[in-house]
file protein_1.tsv (TSV, C-alpha atoms)
chain	number	residue	atom	x	y	z
T	1	MET	CA	0.00	0.00	0.00
T	2	ALA	CA	1.40	3.37	-1.04
T	3	ARG	CA	2.59	5.81	1.63
T	4	SER	CA	1.72	9.49	1.73
T	5	GLU	CA	4.45	12.12	1.96
T	6	SER	CA	3.65	12.78	5.62
T	7	GLU	CA	3.77	9.04	6.40
T	8	ALA	CA	7.16	8.77	4.71
T	9	LEU	CA	8.45	11.72	6.75
T	10	GLU	CA	7.17	10.17	9.99
T	11	ALA	CA	8.75	6.82	9.08
T	12	MET	CA	12.13	8.54	8.65
T	13	LEU	CA	11.78	10.45	11.93
T	14	SER	CA	10.64	7.31	13.73
T	15	HIS	CA	13.62	5.35	12.47
T	16	HIS	CA	15.96	8.11	13.64
T	17	ARG	CA	14.35	7.98	17.10
T	18	SER	CA	14.78	4.22	17.21
T	19	LEU	CA	18.45	4.39	16.23
T	20	GLU	CA	19.15	7.10	18.79
T	21	GLU	CA	17.31	5.25	21.57
T	22	GLU	CA	18.98	1.91	20.84
T	23	LEU	CA	22.42	3.51	20.75
T	24	GLY	CA	21.68	5.40	23.97
T	25	ARG	CA	20.51	2.22	25.68
T	26	ARG	CA	23.79	0.50	24.89
T	27	VAL	CA	25.84	3.47	26.07
T	28	THR	CA	23.85	3.54	29.32
T	29	ALA	CA	24.42	-0.19	29.83
T	30	LEU	CA	28.16	0.32	29.35
T	31	VAL	CA	28.33	3.32	31.72
T	32	ASP	CA	26.22	1.60	34.39
T	33	GLY	CA	28.27	-1.58	34.10
T	34	VAL	CA	31.53	0.27	34.58
T	35	ALA	CA	30.09	2.23	37.51
T	36	GLY	CA	29.02	-1.04	39.11
T	37	GLY	CA	32.44	-2.58	38.75
T	38	ALA	CA	31.51	-4.98	35.94
T	39	ARG	CA	33.83	-5.82	33.06
T	40	PHE	CA	33.30	-3.42	30.18
T	41	GLU	CA	34.48	-5.43	27.18
T	42	SER	CA	31.20	-7.20	26.31
T	43	ALA	CA	29.12	-4.02	26.65
T	44	ALA	CA	31.61	-2.14	24.46
T	45	ALA	CA	31.50	-4.93	21.87
T	46	GLU	CA	27.69	-4.81	21.85
T	47	LEU	CA	27.77	-1.05	21.32
T	48	VAL	CA	30.27	-1.25	18.45
T	49	ALA	CA	28.37	-4.15	16.86
T	50	TYR	CA	25.13	-2.17	16.89
T	51	PHE	CA	26.84	0.83	15.32
T	52	GLY	CA	28.32	-1.35	12.57
T	53	SER	CA	25.17	-3.36	11.82
T	54	GLU	CA	22.51	-0.63	12.08
T	55	ILE	CA	23.79	2.95	12.18
T	56	LEU	CA	26.63	2.76	9.66
T	57	PRO	CA	24.54	1.04	6.92
T	58	HIS	CA	21.80	3.63	7.53
T	59	ALA	CA	24.31	6.45	7.15
T	60	LEU	CA	25.66	5.06	3.87
T	61	ALA	CA	22.14	4.58	2.48
T	62	GLU	CA	21.27	8.16	3.44
T	63	GLU	CA	24.29	9.56	1.62
T	64	GLN	CA	23.19	7.82	-1.57
T	65	SER	CA	19.54	8.87	-1.37
T	66	ILE	CA	18.47	11.63	1.06
T	67	TYR	CA	21.72	13.59	0.93
T	68	ARG	CA	21.88	13.53	-2.86
T	69	ALA	CA	18.39	15.00	-3.08
T	70	ALA	CA	19.15	17.63	-0.44
T	71	ALA	CA	22.43	18.64	-2.08
T	72	ARG	CA	20.45	20.02	-5.03
T	73	HIS	CA	19.37	22.86	-2.74
T	74	HIS	CA	22.20	25.36	-2.76
T	75	GLU	CA	21.48	26.55	0.77
T	76	LEU	CA	21.92	22.97	2.06
T	77	SER	CA	25.16	22.10	0.26
T	78	ALA	CA	27.40	23.17	3.16
T	79	THR	CA	25.18	21.33	5.65
T	80	ILE	CA	25.32	18.13	3.59
T	81	ALA	CA	29.12	18.31	3.41
T	82	GLU	CA	29.19	18.76	7.19
T	83	MET	CA	26.83	15.80	7.67
T	84	GLU	CA	28.98	13.52	5.51
T	85	ASP	CA	32.04	14.58	7.49
T	86	GLU	CA	30.17	13.67	10.68
T	87	HIS	CA	29.63	10.17	9.32
T	88	HIS	CA	33.42	9.77	9.18
T	89	ARG	CA	33.73	11.19	12.69
T	90	LEU	CA	31.10	8.73	13.95
T	91	VAL	CA	33.13	5.85	12.52
T	92	ALA	CA	36.23	7.23	14.23
T	93	GLU	CA	34.40	7.46	17.57
T	94	ALA	CA	33.14	3.88	17.23
T	95	GLU	CA	36.69	2.73	16.51
T	96	ARG	CA	37.83	4.61	19.61
T	97	VAL	CA	35.29	2.67	21.68
T	98	ALA	CA	36.58	-0.59	20.24
T	99	GLN	CA	40.23	0.24	20.82
T	100	ALA	CA	40.01	1.86	24.28
T	101	GLY	CA	42.10	0.03	26.82
T	102	THR	CA	40.55	1.18	30.10
T	103	PRO	CA	36.99	1.55	31.42
T	104	THR	CA	37.41	5.34	31.70
T	105	GLU	CA	38.58	5.69	28.09
T	106	THR	CA	35.77	3.41	26.87
T	107	VAL	CA	33.07	5.37	28.68
T	108	ALA	CA	34.42	8.68	27.39
T	109	ALA	CA	34.48	7.39	23.81
T	110	ALA	CA	30.98	5.92	24.10
T	111	ARG	CA	29.56	9.19	25.44
T	112	ALA	CA	31.26	11.13	22.65
T	113	LEU	CA	29.77	8.75	20.06
T	114	SER	CA	26.28	9.10	21.54
T	115	SER	CA	26.51	12.89	21.79
T	116	LEU	CA	27.74	13.29	18.22
T	117	PHE	CA	25.06	11.00	16.85
T	118	GLY	CA	22.36	12.90	18.77
T	119	ARG	CA	23.47	16.24	17.30
T	120	HIS	CA	23.76	14.66	13.87
T	121	VAL	CA	20.20	13.26	13.94
T	122	THR	CA	18.81	16.58	15.20
T	123	LYS	CA	20.28	18.39	12.20
T	124	GLU	CA	18.83	15.83	9.80
T	125	ASN	CA	15.41	16.08	11.44
T	126	GLU	CA	15.32	19.89	11.69
T	127	LEU	CA	17.30	21.09	8.67
T	128	ILE	CA	17.21	18.48	5.92
T	129	LEU	CA	13.99	16.47	6.12
T	130	PRO	CA	11.60	19.46	6.54
T	131	ARG	CA	13.17	21.18	3.52
T	132	LEU	CA	12.72	18.06	1.38
T	133	PHE	CA	9.14	17.64	2.65
T	134	GLU	CA	8.30	21.19	1.56
T	135	ASP	CA	9.87	20.77	-1.91
T	136	GLU	CA	7.13	19.87	-4.38
T	137	HIS	CA	9.75	18.45	-6.73
T	138	VAL	CA	10.94	15.88	-4.18
T	139	ASP	CA	9.06	12.61	-3.63
T	140	LEU	CA	9.83	11.54	-0.05
T	141	THR	CA	8.11	8.18	-0.53
T	142	LYS	CA	10.45	7.32	-3.39
T	143	LEU	CA	13.46	8.51	-1.40
T	144	LEU	CA	12.44	6.30	1.52
T	145	ASP	CA	11.95	3.29	-0.76
T	146	ASP	CA	15.32	3.97	-2.37
T	147	MET	CA	17.04	4.15	1.01
T	148	GLN	CA	15.40	0.92	2.20
T	149	HIS	CA	16.33	-0.81	-1.04
T	150	ARG	CA	19.97	0.21	-0.53
T	151	LEU	CA	19.84	-1.10	3.05
T	152	ALA	CA	18.45	-4.40	1.76
T	153	HIS	CA	21.23	-4.63	-0.83
T	154	GLN	CA	23.87	-3.99	1.85
T	155	GLN	CA	22.30	-6.65	4.05
T	156	ALA	CA	22.23	-9.21	1.25
T	157	SER	CA	25.82	-8.41	0.33
T	158	GLU	CA	26.84	-8.87	3.97
T	159	LEU	CA	25.23	-12.30	3.99
T	160	GLU	CA	27.18	-13.25	0.89
T	161	THR	CA	30.56	-11.98	2.09
T	162	SER	CA	30.36	-12.93	5.76
T	163	SER	CA	29.29	-16.53	5.07
T	164	PRO	CA	30.63	-17.47	1.64
T	165	ASP	CA	28.76	-20.74	1.21
T	166	ALA	CA	25.92	-21.91	-1.01
T	167	LEU	CA	23.25	-21.58	1.67
T	168	ALA	CA	24.24	-18.00	2.50
T	169	ALA	CA	24.18	-17.12	-1.20
T	170	VAL	CA	20.67	-18.56	-1.56
T	171	LEU	CA	19.55	-16.61	1.50
T	172	ALA	CA	20.94	-13.42	0.01
T	173	LEU	CA	18.76	-14.03	-3.06
T	174	LEU	CA	15.75	-14.68	-0.81
T	175	VAL	CA	16.35	-11.41	1.05
T	176	ARG	CA	16.46	-9.51	-2.24
T	177	ALA	CA	13.30	-11.24	-3.44
T	178	ALA	CA	11.52	-10.42	-0.18
T	179	ASP	CA	12.55	-6.79	-0.49
T	180	GLU	CA	11.21	-6.65	-4.04
T	181	LEU	CA	7.92	-8.09	-2.79
T	182	ALA	CA	7.75	-5.42	-0.09
T	183	SER	CA	8.47	-2.72	-2.66
T	184	SER	CA	5.56	-3.95	-4.80
T	185	ALA	CA	3.03	-3.82	-1.92
T	186	ARG	CA	3.37	-7.54	-1.14
T	187	GLY	CA	5.41	-7.12	2.01
T	188	ASP	CA	3.38	-9.70	3.94
T	189	VAL	CA	4.45	-12.40	1.48
T	190	GLY	CA	8.08	-11.34	1.84
T	191	CYS	CA	7.83	-11.36	5.64
T	192	ARG	CA	6.38	-14.86	5.65
T	193	LEU	CA	9.16	-16.14	3.38
T	194	VAL	CA	11.87	-14.70	5.60
T	195	ALA	CA	10.18	-16.00	8.77
T	196	SER	CA	9.93	-19.49	7.26
T	197	ALA	CA	13.63	-19.43	6.36
T	198	TRP	CA	14.41	-18.28	9.91
T	199	ALA	CA	12.45	-21.21	11.36
T	200	VAL	CA	14.41	-23.69	9.25
T	201	LEU	CA	17.83	-22.23	10.10
T	202	GLN	CA	17.64	-21.26	13.75
T	203	SER	CA	18.93	-24.62	15.05
T	204	ASP	CA	21.60	-25.45	12.46
T	205	ARG	CA	22.72	-21.98	11.36
T	206	PRO	CA	21.91	-19.54	14.18
T	207	GLU	CA	24.24	-16.87	12.78
T	208	LEU	CA	22.21	-16.72	9.57
T	209	ALA	CA	18.92	-16.90	11.49
T	210	THR	CA	19.97	-13.84	13.52
T	211	ARG	CA	20.56	-11.88	10.33
T	212	LEU	CA	17.15	-12.94	9.02
T	213	THR	CA	15.55	-11.58	12.21
T	214	ALA	CA	17.09	-8.20	11.42
T	215	THR	CA	15.80	-8.49	7.85
T	216	LEU	CA	12.32	-9.25	9.15
T	217	HIS	CA	12.27	-6.10	11.29
T	218	ARG	CA	13.20	-3.98	8.27
T	219	LEU	CA	10.60	-5.63	6.03
T	220	VAL	CA	7.84	-5.18	8.59
T	221	ARG	CA	8.51	-1.43	8.59
T	222	LYS	CA	7.77	-1.46	4.86
T	223	ALA	CA	4.64	-3.61	5.18
T	224	THR	CA	2.96	-2.11	8.24
T	225	SER	CA	-0.07	-0.84	6.33
T	226	GLU	CA	-0.88	-4.19	4.70
T	227	PRO	CA	-3.76	-6.31	6.07
T	228	VAL	CA	-2.36	-9.49	7.60
T	229	THR	CA	-4.14	-12.57	8.95
T	230	PHE	CA	-2.27	-14.81	11.37
T	231	GLN	CA	-3.31	-18.26	12.59
T	232	SER	CA	-2.97	-17.74	16.32
T	233	ALA	CA	-5.29	-19.98	18.30
T	234	LYS	CA	-8.24	-18.79	20.34
T	235	ALA	CA	-7.39	-18.59	24.02
T	236	VAL	CA	-9.77	-21.35	25.11
T	237	GLY	CA	-9.69	-21.74	28.88
T	238	SER	CA	-6.43	-19.80	29.22
T	239	GLU	CA	-5.37	-18.75	32.71
T	240	PRO	CA	-4.62	-15.09	33.43
T	241	ALA	CA	-1.05	-14.18	32.61
T	242	ARG	CA	1.08	-14.85	35.69
T	243	SER	CA	4.29	-13.17	34.59
T	244	ARG	CA	5.67	-10.25	32.61
T	245	LEU	CA	8.64	-10.53	30.30
T	246	ASP	CA	10.11	-7.06	29.80
T	247	VAL	CA	12.75	-7.31	27.07
T	248	ARG	CA	13.40	-3.59	26.65
T	249	ALA	CA	16.73	-3.76	28.47
T	250	LEU	CA	17.96	-6.76	26.46
T	251	ALA	CA	20.08	-6.51	23.33
T	252	PRO	CA	17.88	-7.06	20.24
T	253	ALA	CA	19.76	-10.27	19.37
T	254	ARG	CA	18.78	-11.75	22.76
T	255	ARG	CA	15.15	-10.64	22.82
T	256	HIS	CA	13.64	-13.25	20.52
T	257	GLU	CA	15.62	-16.05	22.17
T	258	SER	CA	14.29	-15.03	25.59
T	259	ILE	CA	10.70	-14.75	24.31
T	260	PHE	CA	10.69	-18.14	22.61
T	261	SER	CA	12.27	-19.80	25.65
T	262	SER	CA	9.49	-18.34	27.80
T	263	TYR	CA	6.85	-19.57	25.34
T	264	VAL	CA	8.24	-23.11	25.18
T	265	ALA	CA	8.34	-23.25	28.98
T	266	LEU	CA	4.62	-22.41	29.23
T	267	LEU	CA	2.22	-25.10	30.33
T	268	PRO	CA	-0.95	-25.51	28.24
T	269	GLY	CA	-3.42	-22.76	29.09
T	270	ALA	CA	-0.76	-20.46	30.57
T	271	SER	CA	0.51	-17.15	29.22
T	272	PHE	CA	2.85	-14.26	29.88
T	273	VAL	CA	2.79	-10.56	29.00
T	274	LEU	CA	5.56	-9.40	26.68
T	275	VAL	CA	6.65	-5.78	27.23
T	276	ASN	CA	8.56	-4.22	24.34
T	277	ASP	CA	9.61	-0.80	23.03
T	278	HIS	CA	8.30	-1.39	19.49
T	279	ASP	CA	5.51	-3.32	17.81
T	280	PRO	CA	6.61	-7.00	18.00
T	281	LYS	CA	4.98	-7.84	14.69
T	282	PRO	CA	8.24	-9.34	13.30
T	283	LEU	CA	8.13	-11.76	16.22
T	284	GLN	CA	4.57	-12.74	15.35
T	285	TYR	CA	5.70	-13.71	11.84
T	286	GLN	CA	8.24	-16.01	13.50
T	287	PHE	CA	5.57	-17.48	15.80
T	288	GLU	CA	3.44	-18.04	12.72
T	289	ALA	CA	6.28	-19.87	10.97
T	290	GLU	CA	6.90	-22.23	13.90
T	291	HIS	CA	3.71	-22.39	15.93
T	292	ALA	CA	0.77	-21.55	13.65
T	293	GLY	CA	-2.44	-22.37	15.50
T	294	GLU	CA	-0.50	-23.28	18.67
T	295	TYR	CA	-0.18	-19.87	20.32
T	296	THR	CA	-2.38	-16.97	21.40
T	297	TRP	CA	-1.51	-13.34	20.75
T	298	GLU	CA	-3.43	-10.44	22.23
T	299	TYR	CA	-2.36	-6.79	22.16
T	300	LEU	CA	-2.88	-5.12	25.53
T	301	GLU	CA	-1.07	-1.85	24.75
T	302	ALA	CA	0.00	-0.59	21.33
T	303	GLY	CA	2.54	2.19	21.62
T	304	PRO	CA	3.72	4.71	20.92
T	305	ALA	CA	6.36	4.14	23.61
T	306	VAL	CA	5.40	0.76	25.06
T	307	TRP	CA	3.81	-2.34	23.54
T	308	GLN	CA	2.34	-5.12	25.68
T	309	VAL	CA	1.21	-8.43	24.18
T	310	ARG	CA	-0.21	-11.41	26.01
T	311	ILE	CA	1.33	-14.56	24.50
T	312	GLY	CA	0.02	-17.94	25.58
T	313	LYS	CA	-0.45	-21.60	24.81
T	314	PRO	CA	-4.01	-22.81	24.24
T	315	SER	CA	-5.35	-25.22	26.81
T	316	LEU	CA	-5.25	-28.86	25.78
T	317	GLU	CA	-8.97	-28.75	24.99
T	318	ALA	CA	-8.17	-26.34	22.15
T	319	HIS	CA	-6.20	-29.11	20.38
T	320	GLU	CA	-9.33	-31.28	20.05
T	321	GLY	CA	-7.69	-34.20	21.83
T	322	ALA	CA	-4.41	-34.05	19.91
T	323	GLU	CA	-1.26	-34.64	21.93
T	324	PRO	CA	0.77	-31.42	21.80
T	325	ASP	CA	4.41	-31.27	20.77
T	326	LEU	CA	6.97	-29.98	23.25
T	327	ASP	CA	9.83	-28.86	21.01
T	328	VAL	CA	12.83	-28.04	23.21
T	329	ARG	CA	15.41	-27.63	20.45
T	330	SER	CA	15.46	-23.85	20.76
T	331	LEU	CA	16.08	-23.97	24.53
T	332	THR	CA	19.49	-23.97	26.16
T	333	HIS	CA	20.49	-27.43	27.36
T	334	GLY	CA	20.43	-26.26	30.96
T	335	ASN	CA	16.70	-25.44	30.72
T	336	ARG	CA	15.40	-28.40	28.71
T	337	HIS	CA	14.95	-30.99	31.46
T	338	THR	CA	13.27	-28.47	33.78
T	339	VAL	CA	10.71	-27.60	31.08
T	340	ILE	CA	10.08	-31.26	30.22
T	341	PHE	CA	9.50	-32.33	33.84
T	342	SER	CA	7.22	-29.31	34.46
T	343	THR	CA	5.15	-30.28	31.43
T	344	TYR	CA	4.93	-33.92	32.57
T	345	GLU	CA	3.90	-32.97	36.10
T	346	ALA	CA	1.08	-30.81	34.71
T	347	LEU	CA	-0.40	-33.74	32.74
T	348	ALA	CA	-3.70	-35.21	33.80
T	349	PRO	CA	-3.65	-39.00	34.38
T	350	GLY	CA	-3.78	-40.72	31.00
T	351	ALA	CA	-2.67	-37.60	29.06
T	352	ALA	CA	0.53	-37.32	27.00
T	353	PHE	CA	2.74	-35.00	25.02
T	354	VAL	CA	5.32	-35.56	22.28
T	355	LEU	CA	8.85	-34.48	23.11
T	356	VAL	CA	10.80	-33.16	20.10
T	357	ASN	CA	14.59	-33.06	20.56
T	358	ASP	CA	17.78	-32.82	18.53
T	359	HIS	CA	19.44	-35.84	20.17
T	360	ASP	CA	18.39	-39.12	21.75
T	361	PRO	CA	16.86	-38.15	25.15
T	362	LYS	CA	18.03	-41.38	26.78
T	363	PRO	CA	19.65	-39.51	29.72
T	364	LEU	CA	16.24	-37.96	30.40
T	365	GLN	CA	14.65	-41.40	30.51
T	366	TYR	CA	17.05	-42.45	33.28
T	367	GLN	CA	15.88	-39.41	35.24
T	368	PHE	CA	12.22	-40.30	34.63
T	369	GLU	CA	12.94	-43.82	35.84
T	370	ALA	CA	14.55	-42.47	39.00
T	371	GLN	CA	11.67	-40.12	39.78
T	372	HIS	CA	8.56	-41.67	38.21
T	373	ALA	CA	9.18	-45.42	37.83
T	374	GLY	CA	5.91	-47.14	36.90
T	375	GLU	CA	4.10	-43.82	36.52
T	376	TYR	CA	4.99	-42.92	32.93
T	377	THR	CA	5.22	-44.43	29.45
T	378	TRP	CA	7.97	-43.74	26.93
T	379	ASP	CA	7.49	-44.50	23.22
T	380	TYR	CA	9.90	-43.52	20.47
T	381	LEU	CA	8.02	-42.16	17.44
T	382	GLU	CA	11.11	-41.00	15.54
T	383	ALA	CA	14.73	-41.84	16.31
T	384	GLY	CA	17.13	-39.53	14.49
T	385	PRO	CA	19.48	-38.89	12.99
T	386	ALA	CA	18.41	-35.21	13.13
T	387	ILE	CA	15.18	-35.30	15.14
T	388	TRP	CA	13.96	-37.51	17.96
T	389	ARG	CA	10.25	-37.63	18.88
T	390	VAL	CA	9.15	-39.42	22.04
T	391	ARG	CA	5.60	-39.79	23.31
T	392	ILE	CA	5.66	-39.34	27.09
T	393	ALA	CA	2.44	-40.11	28.96
T	394	ARG	CA	1.26	-40.18	32.55
T	395	VAL	CA	-0.16	-43.57	33.46
T	396	ALA	CA	-3.82	-43.36	34.40
T	397	ASN	CA	-3.69	-45.96	37.18
T	398	PRO	CA	-0.09	-46.68	38.18
T	399	ALA	CA	0.50	-49.90	40.06
T	400	ALA	CA	0.44	-49.51	43.81
call {"tool": "encode", "arguments": {"input": "protein_1.tsv", "output": "structure tokens"}}
result
Amino acid sequence: MARSESEALEAMLSHHRSLEEELGRRVTALVDGVAGGARFESAAAELVAYFGSEILPHALAEEQSIYRAAARHHELSATIAEMEDEHHRLVAEAERVAQAGTPTETVAAARALSSLFGRHVTKENELILPRLFEDEHVDLTKLLDDMQHRLAHQQASELETSSPDALAAVLALLVRAADELASSARGDVGCRLVASAWAVLQSDRPELATRLTATLHRLVRKATSEPVTFQSAKAVGSEPARSRLDVRALAPARRHESIFSSYVALLPGASFVLVNDHDPKPLQYQFEAEHAGEYTWEYLEAGPAVWQVRIGKPSLEAHEGAEPDLDVRSLTHGNRHTVIFSTYEALAPGAAFVLVNDHDPKPLQYQFEAQHAGEYTWDYLEAGPAIWRVRIARVANPAA
């Protein structure tokens, strides 16, 4: 669906706000960590990685689209030259963060980077974008599409160069195809393709899956006005949400992992409230790719600063007697057995679930035998080499 000029302007301003907030959050985490006596290296690495993966590609795409259009205005030519010089200074500040040898030097460099980027964004928002918006000869919607297309091309090229194998090359083609779909008002189709690829790769190629999550966020921004129908289940008999999962303080790369771990750990009929700082629609595409019809999704608050979504598992009655899968492959190994035993202990006598794992769960069976001898059944439905499926049931009338 086509954007209006005002919608394109707001999309640009919103993206600037997001970049500034995400950068500021990482700087704050670094400063607070140093003040609390924590090691600073991981926080500094997270800050530099965000700059390199999000801010720098955005800056390059702007130079090739927004700045070129603005440079045609004589009164803006000096400002554009200054803005391009600031891009180089931002890179230098990020390098200073990466190379600093002490906590004090790292904090000083991080604050300088954040301050410079804040001033830089303010000039873009107050001097450049309003002038382009007022110019009847400039089409902001086309400039925004051009910038997003350049970002997509950079992302696809990064996939090709960072992982020079056949699968990465195919994914790069998929990303480009998805971007073309989004550019032709079929963004929902592109989002579903990328989410499906993510679901296939998250276990075997997590580094590529992480990049596809970033792609999905960008595509959703282009497809927000399209009508979308998901297959989330109706919350039949669901209990009130007993917990909140606030991921706003987590690094973006860790957010989806934490959310999916919380979902897998839910018992049937239970739910939690996700608290986020942006619309988690990209996440819902991923839920749709992996758990269509097996989850509930209910918006409780929809921005502009905070989004809250109740995410749950339907009660067993909602599956019409089917035995639900408990797929623990996305969980850390330290959490798997806890989730499995919690699910077993919640079973009614005679009920069952199907455990899905990436290795033979024989060690788990020894633990079941130690704790629940004579009270459970264990039937292999599939035995490798990539996937193991085991039907685990609670005996209706265990022997006395």
call {"tool": "closest_residue", "arguments": {"input": "protein_1.tsv", "among": "T:Thr28, T:Ser42, T:Ser6, T:Thr104", "to": "Ala249 in chain T", "atoms": "only C-alpha atoms"}}
result
T:Thr28
call {"tool": "residues_around", "arguments": {"input": "protein_1.tsv", "residues": "Thr213 in chain T", "least_positions_apart": "4", "cutoff": "12 Å", "atoms": "only C-alpha atoms", "output": "number ranges by chain"}}
result
T: 155, 175, 191-199, 201-202, 206-209, 217-220, 252-257, 280-286
call {"tool": "write_last_selection", "arguments": {"input": "protein_1.tsv", "atoms": "C-alpha atoms", "output": "compact mmCIF listing (two decimals), in the frame of the given file"}}
result
# COMPACT_ATOMS: atom_id res chain seq x y z
CA GLN T 155 22.30 -6.65 4.05
CA VAL T 175 16.35 -11.41 1.05
CA CYS T 191 7.83 -11.36 5.64
CA ARG T 192 6.38 -14.86 5.65
CA LEU T 193 9.16 -16.14 3.38
CA VAL T 194 11.87 -14.70 5.60
CA ALA T 195 10.18 -16.00 8.77
CA SER T 196 9.93 -19.49 7.26
CA ALA T 197 13.63 -19.43 6.36
CA TRP T 198 14.41 -18.28 9.91
CA ALA T 199 12.45 -21.21 11.36
CA LEU T 201 17.83 -22.23 10.10
CA GLN T 202 17.64 -21.26 13.75
CA PRO T 206 21.91 -19.54 14.18
CA GLU T 207 24.24 -16.87 12.78
CA LEU T 208 22.21 -16.72 9.57
CA ALA T 209 18.92 -16.90 11.49
CA HIS T 217 12.27 -6.10 11.29
CA ARG T 218 13.20 -3.98 8.27
CA LEU T 219 10.60 -5.63 6.03
CA VAL T 220 7.84 -5.18 8.59
CA PRO T 252 17.88 -7.06 20.24
CA ALA T 253 19.76 -10.27 19.37
CA ARG T 254 18.78 -11.75 22.76
CA ARG T 255 15.15 -10.64 22.82
CA HIS T 256 13.64 -13.25 20.52
CA GLU T 257 15.62 -16.05 22.17
CA PRO T 280 6.61 -7.00 18.00
CA LYS T 281 4.98 -7.84 14.69
CA PRO T 282 8.24 -9.34 13.30
CA LEU T 283 8.13 -11.76 16.22
CA GLN T 284 4.57 -12.74 15.35
CA TYR T 285 5.70 -13.71 11.84
CA GLN T 286 8.24 -16.01 13.50
call {"tool": "atom_distance", "arguments": {"input": "protein_1.tsv", "atom1": "CA of Arg329 in chain T", "atom2": "CA of Arg391 in chain T"}}
result
15.9 Å
call {"tool": "residues_around", "arguments": {"input": "protein_1.tsv", "residues": "Leu381 in chain T", "least_positions_apart": "6", "cutoff": "8 Å", "atoms": "all atoms listed in the file", "output": "list in words"}}
result
Trp388, Arg389, Val390 and Arg391 of chain T
call {"tool": "closest_residue", "arguments": {"input": "protein_1.tsv", "among": "T:Arg131, T:Arg150, T:Arg39, T:Arg221", "to": "Thr106 in chain T", "atoms": "only C-alpha atoms"}}
result
T:Arg39
call {"tool": "residues_around", "arguments": {"input": "protein_1.tsv", "residues": "Glu22 in chain T", "least_positions_apart": "3", "cutoff": "12 Å", "atoms": "all atoms listed in the file", "output": "PyMOL selection string"}}
result
chain T and resi 15-19+25-29+46-51+54-55+114+117-118+248-252+277-278
call {"tool": "residues_around", "arguments": {"input": "protein_1.tsv", "residues": "Gln99 in chain T", "least_positions_apart": "4", "cutoff": "12 Å", "atoms": "all atoms listed in the file", "output": "VMD selection string"}}
result
chain T and resid 41 44 to 45 48 92 to 95 103 105 to 107 109 to 110
call {"tool": "atom_distance", "arguments": {"input": "protein_1.tsv", "atom1": "CA of Val264 in chain T", "atom2": "CA of Tyr380 in chain T"}}
result
21.0 Å
call {"tool": "residues_around", "arguments": {"input": "protein_1.tsv", "residues": "Gly312 in chain T", "least_positions_apart": "6", "cutoff": "7 Å", "atoms": "only C-alpha atoms", "output": "VMD selection string"}}
result
chain T and resid 269 to 272 295 to 297
call {"tool": "atom_distance", "arguments": {"input": "protein_1.tsv", "atom1": "CA of Gly101 in chain T", "atom2": "CA of Val31 in chain T"}}
result
15.0 Å
call {"tool": "residues_near_point", "arguments": {"input": "protein_1.tsv", "point": "(2.2, -2.0, 18.8)", "cutoff": "10 Å", "atoms": "only C-alpha atoms", "output": "list in words"}}
result
Asn276, Asp277, His278, Asp279, Pro280, Lys281, Tyr299, Leu300, Glu301, Ala302, Gly303, Pro304, Ala305, Val306, Trp307, Gln308 and Val309 of chain T
call {"tool": "residues_near_point", "arguments": {"input": "protein_1.tsv", "point": "(21.6, -35.7, 12.2)", "cutoff": "9 Å", "atoms": "only C-alpha atoms", "output": "PyMOL selection string"}}
result
chain T and resi 358-359+384-387
call {"tool": "closest_residue", "arguments": {"input": "protein_1.tsv", "among": "T:Lys313, T:Arg205, T:Arg68, T:Lys142", "to": "Leu167 in chain T", "atoms": "all atoms listed in the file"}}
result
T:Arg205
call {"tool": "closest_residue", "arguments": {"input": "protein_1.tsv", "among": "T:Ile80, T:Leu30, T:Ala100, T:Val328", "to": "Gln64 in chain T", "atoms": "all atoms listed in the file"}}
result
T:Ile80
call {"tool": "decode", "arguments": {"input": "protein_1.tsv", "residues": "range 11-31 of chain T", "atoms": "C-alpha atoms", "output": "PDB file, in the first residue's frame"}}
result
ATOM      1  CA  ALA T  11       8.753   6.816   9.076  1.00  0.00           C
ATOM      2  CA  MET T  12      12.134   8.543   8.651  1.00  0.00           C
ATOM      3  CA  LEU T  13      11.775  10.451  11.931  1.00  0.00           C
ATOM      4  CA  SER T  14      10.640   7.309  13.732  1.00  0.00           C
ATOM      5  CA  HIS T  15      13.624   5.349  12.471  1.00  0.00           C
ATOM      6  CA  HIS T  16      15.959   8.107  13.645  1.00  0.00           C
ATOM      7  CA  ARG T  17      14.347   7.977  17.099  1.00  0.00           C
ATOM      8  CA  SER T  18      14.775   4.225  17.207  1.00  0.00           C
ATOM      9  CA  LEU T  19      18.450   4.392  16.228  1.00  0.00           C
ATOM     10  CA  GLU T  20      19.153   7.103  18.794  1.00  0.00           C
ATOM     11  CA  GLU T  21      17.312   5.248  21.565  1.00  0.00           C
ATOM     12  CA  GLU T  22      18.983   1.906  20.839  1.00  0.00           C
ATOM     13  CA  LEU T  23      22.423   3.511  20.746  1.00  0.00           C
ATOM     14  CA  GLY T  24      21.678   5.403  23.968  1.00  0.00           C
ATOM     15  CA  ARG T  25      20.511   2.224  25.682  1.00  0.00           C
ATOM     16  CA  ARG T  26      23.793   0.496  24.894  1.00  0.00           C
ATOM     17  CA  VAL T  27      25.835   3.470  26.070  1.00  0.00           C
ATOM     18  CA  THR T  28      23.854   3.541  29.321  1.00  0.00           C
ATOM     19  CA  ALA T  29      24.423  -0.189  29.830  1.00  0.00           C
ATOM     20  CA  LEU T  30      28.161   0.325  29.348  1.00  0.00           C
ATOM     21  CA  VAL T  31      28.328   3.318  31.720  1.00  0.00           C
TER      22      VAL T  31
END
